[in-house]
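Asker: Mind looking over this structure? Questions follow.
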Amino acid sequence: MMRVPDGKFSKDLLWNASAFALSALLGVLVNLLIVRFYDPAALGVFNLVYASYILLSQLAVGGVHLAIQAFVPRELAAGRNATPHVIAALVLSTVTSLLVMALAWWGREWPGRWFDSPGVSVAFALSIPGLIFFSWNKVLLSFHNGARRMRLFAVFQFLRFLFLFLGVLYLSIQGASPDRLAITLFWTEAVLAVLLLPISIRYWAQPKVAELGHALRENFRFGNRAMAGNVLLDVNTRVDVLMLGLFTSDVMVGLYSFAATVAEGVLQLPVIFRNTINPVLVRAWHNGGPALLNKVLERNRRAFFRILAPIIFVTVPLFPVGLWVLGMDESPILVWSIYAILALGIGLSAGHQPFLMLFGQLGKAGTQTGFIAGVFASNVLLNVALIPMFGVYGAALATALSYGAMVLLLRKMAGTTFGLRL
């Protein structure tokens, strides 16, 4: 692993791991609250809206947060002012967010018709105002990630889940209609933006007009090339839920999404390492090219697998205990089986998962998009093939197999594009 002064990498990792643990718990509790106060069908509606919201949120941000993750460490390493890139990304994401919000409002009935669920139609419309705040938060958090302010990054990642949990808890206690729960997606991002923006401004330096013009052009070009891949990356985590919505009932989607939410929480373990290692990869590439980066990749890939895989695998036998402690008594064997399949796929690919954004970090936004498109296509095709035959088990198996396809594609493209060994 590339040496980091004063053990910063380890400290950053600890902060993000702590935030992950708390966020994962809150994510599970959100699902449990909905099941307890309502029923699995309400949980299915909430997660279908959440999946649709994630898709639109990535269109809203327009890929410019990925430009920030690549440009901020580059500018700081060169001793230049990174603020123009942050301002440019906020301007561009505001424009795209307003366009996406207008289109989403115009077609707000479509998700409900697509999933044949009236509840989705009502709930989806309530989430739309959150898109502009989500895009701002994405840019600002990418700024802090690129500058390696990982403690601040970790705290705000945790706050997102805390606000979501508190919103769902409040509405549930108040006896709100289950269709109204999706408004918490808006509340969460709005409150987060109110807190994050003034804190972020403290780290800005006065930009020059010429710098802003250059940053706008560079971020726009990078965002355009990266946007499709970024949309597919986040949608890829919801492919199984979305496709089950087409083939099965809200109840089955709800039961599956409970297990999938826990699995998605476990998948955040590699994301912790990814967020921490990304700026290190950029610096290694600019300082030593393929030779240095290969050393960083090889050592960390092995270390990540040795750390992550055992942790992920041990959650499988512990999962039923967690269901019992949480009082989840809705089809426990079905939910556990789904989780076991998903966790197996995540664990086997754990060493490679932290390098999922490698191409974008090294400035190849188009290659990043092509890579994610390949992973997404494999996931969709596997779900189409397996869900009609095996239902929720087919969705879990398809998602697990897509992680293997991701590893193969990453190794092939990293070698072809950069001469790297993964």
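We label chains A, B, ... in the order they appear in the structure tokens, count residues from 1 in each chain, and number ligands from 1 in the order shown.
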How close does each residue of stretch 17-46 of chain A get to stretch 152-161 of chain A, giving the shortest atom pair and distance in Å to one decimal for every residue with an atom at most 7 Å away, counting only C-alpha atoms, sorted by chain and residue number, as a tab-separated table?

Answerer:
```
residue	atom	partner	partner_atom	distance
A:Ala19	CA	A:Phe158	CA	5.3
A:Leu22	CA	A:Phe158	CA	6.9
A:Ser23	CA	A:Phe158	CA	5.3
A:Leu26	CA	A:Phe161	CA	6.2
A:Gly27	CA	A:Phe161	CA	6.6
```

Asker: Write out, as CSV, each residue of stretch 313-353 of chain A that has an atom at most 12 Å from stretch 274-295 of chain A, together with the closest pair of atoms and their distance in Å to one decimal, counting only C-alpha atoms, rows going by chain and rising number.

Answerer:
```
residue,atom,partner,partner_atom,distance
A:Ala350,CA,A:Arg274,CA,11.0
A:Gly351,CA,A:Arg274,CA,10.6
A:His352,CA,A:Arg274,CA,9.7
A:Gln353,CA,A:Arg274,CA,7.7
```

Asker: List as number ranges by chain the protein and nucleic acid residues near A:Thr94, meaning an atom at most 8 Å away when only C-alpha atoms are counted, but skip any in the same chain fewer than 5 places from it.

Answerer: A: 60-61, 132, 135-136

Asker: Contacts between stretch 100-114 of chain A and stretch 238-286 of chain A, please, where a residue of stretch 238-286 of chain A counts if it comes within 12 Å (with only C-alpha atoms); show its shortest atom pair and distance in Å to one decimal, rows by chain and ascending number, as a Markdown table.

Answerer:
```
| residue | atom | partner | partner_atom | distance |
| --- | --- | --- | --- | --- |
| A:Leu242 | CA | A:Trp114 | CA | 9.9 |
| A:Met243 | CA | A:Trp114 | CA | 10.5 |
| A:Leu244 | CA | A:Trp114 | CA | 11.7 |
| A:Gly245 | CA | A:Trp114 | CA | 8.5 |
| A:Leu246 | CA | A:Trp114 | CA | 7.3 |
| A:Phe247 | CA | A:Trp114 | CA | 10.9 |
| A:Asp250 | CA | A:Gly112 | CA | 11.5 |
```

Asker: Check stretch 39-260 of chain A with DSSP on the backbone and list each residue it calls helix (DSSP H, G or I), as a ChimeraX atom specification.

Answerer: /A:40-61,64-77,83-106,110-114,118-127,130-146,150-173,178-180,183-201,209-236,239-247,250-260

Asker: Contacts of A:Arg180 at 12 Å or less, counting only C-alpha atoms, minus same-chain residues fewer than 4 places along, as a list in words?

Answerer: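 Using only C-alpha atoms, the neighbours found are Ile34, Ala42, Leu43, Val45, Phe46, Val49, Gly119, Val120, Ser121, Val122, Ala123, Phe124, Ala125, Leu126, Ser127, Gly167, Val168, Tyr170, Leu171, Ser172, Gln174, Gly175, Ala176, Thr184, Leu185, Phe186 and Trp187 of chain A.
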
Asker: Find the spatial neighbours of A:Ile341, counting only C-alpha atoms, within a cut-off of 8 Å - ignore same-chain residues fewer than 4 positions away - and output them as a PyMOL selection string.

Answerer: chain A and resi 337+345+396-397+400

Asker: Deliver the residues from the most recent selection as a file, using N, CA and C atoms, as an mmCIF file, in the first residue's frame.

Answerer:
```cif
data_model
loop_
_atom_site.group_PDB
_atom_site.id
_atom_site.type_symbol
_atom_site.label_atom_id
_atom_site.label_comp_id
_atom_site.auth_asym_id
_atom_site.auth_seq_id
_atom_site.Cartn_x
_atom_site.Cartn_y
_atom_site.Cartn_z
ATOM 1 N N SER A 337 -32.345 -16.760 2.710
ATOM 2 C CA SER A 337 -31.808 -17.423 1.512
ATOM 3 C C SER A 337 -31.398 -16.397 0.457
ATOM 4 N N GLY A 345 -21.882 -13.603 -3.535
ATOM 5 C CA GLY A 345 -21.362 -12.878 -4.697
ATOM 6 C C GLY A 345 -20.518 -11.685 -4.300
ATOM 7 N N ALA A 396 -31.642 -12.828 -7.005
ATOM 8 C CA ALA A 396 -30.456 -12.851 -6.140
ATOM 9 C C ALA A 396 -29.281 -13.519 -6.841
ATOM 10 N N LEU A 397 -29.538 -14.648 -7.499
ATOM 11 C CA LEU A 397 -28.475 -15.359 -8.202
ATOM 12 C C LEU A 397 -27.927 -14.529 -9.355
ATOM 13 N N ALA A 400 -25.677 -11.834 -7.938
ATOM 14 C CA ALA A 400 -24.413 -12.405 -7.459
ATOM 15 C C ALA A 400 -23.487 -12.744 -8.629
#
```
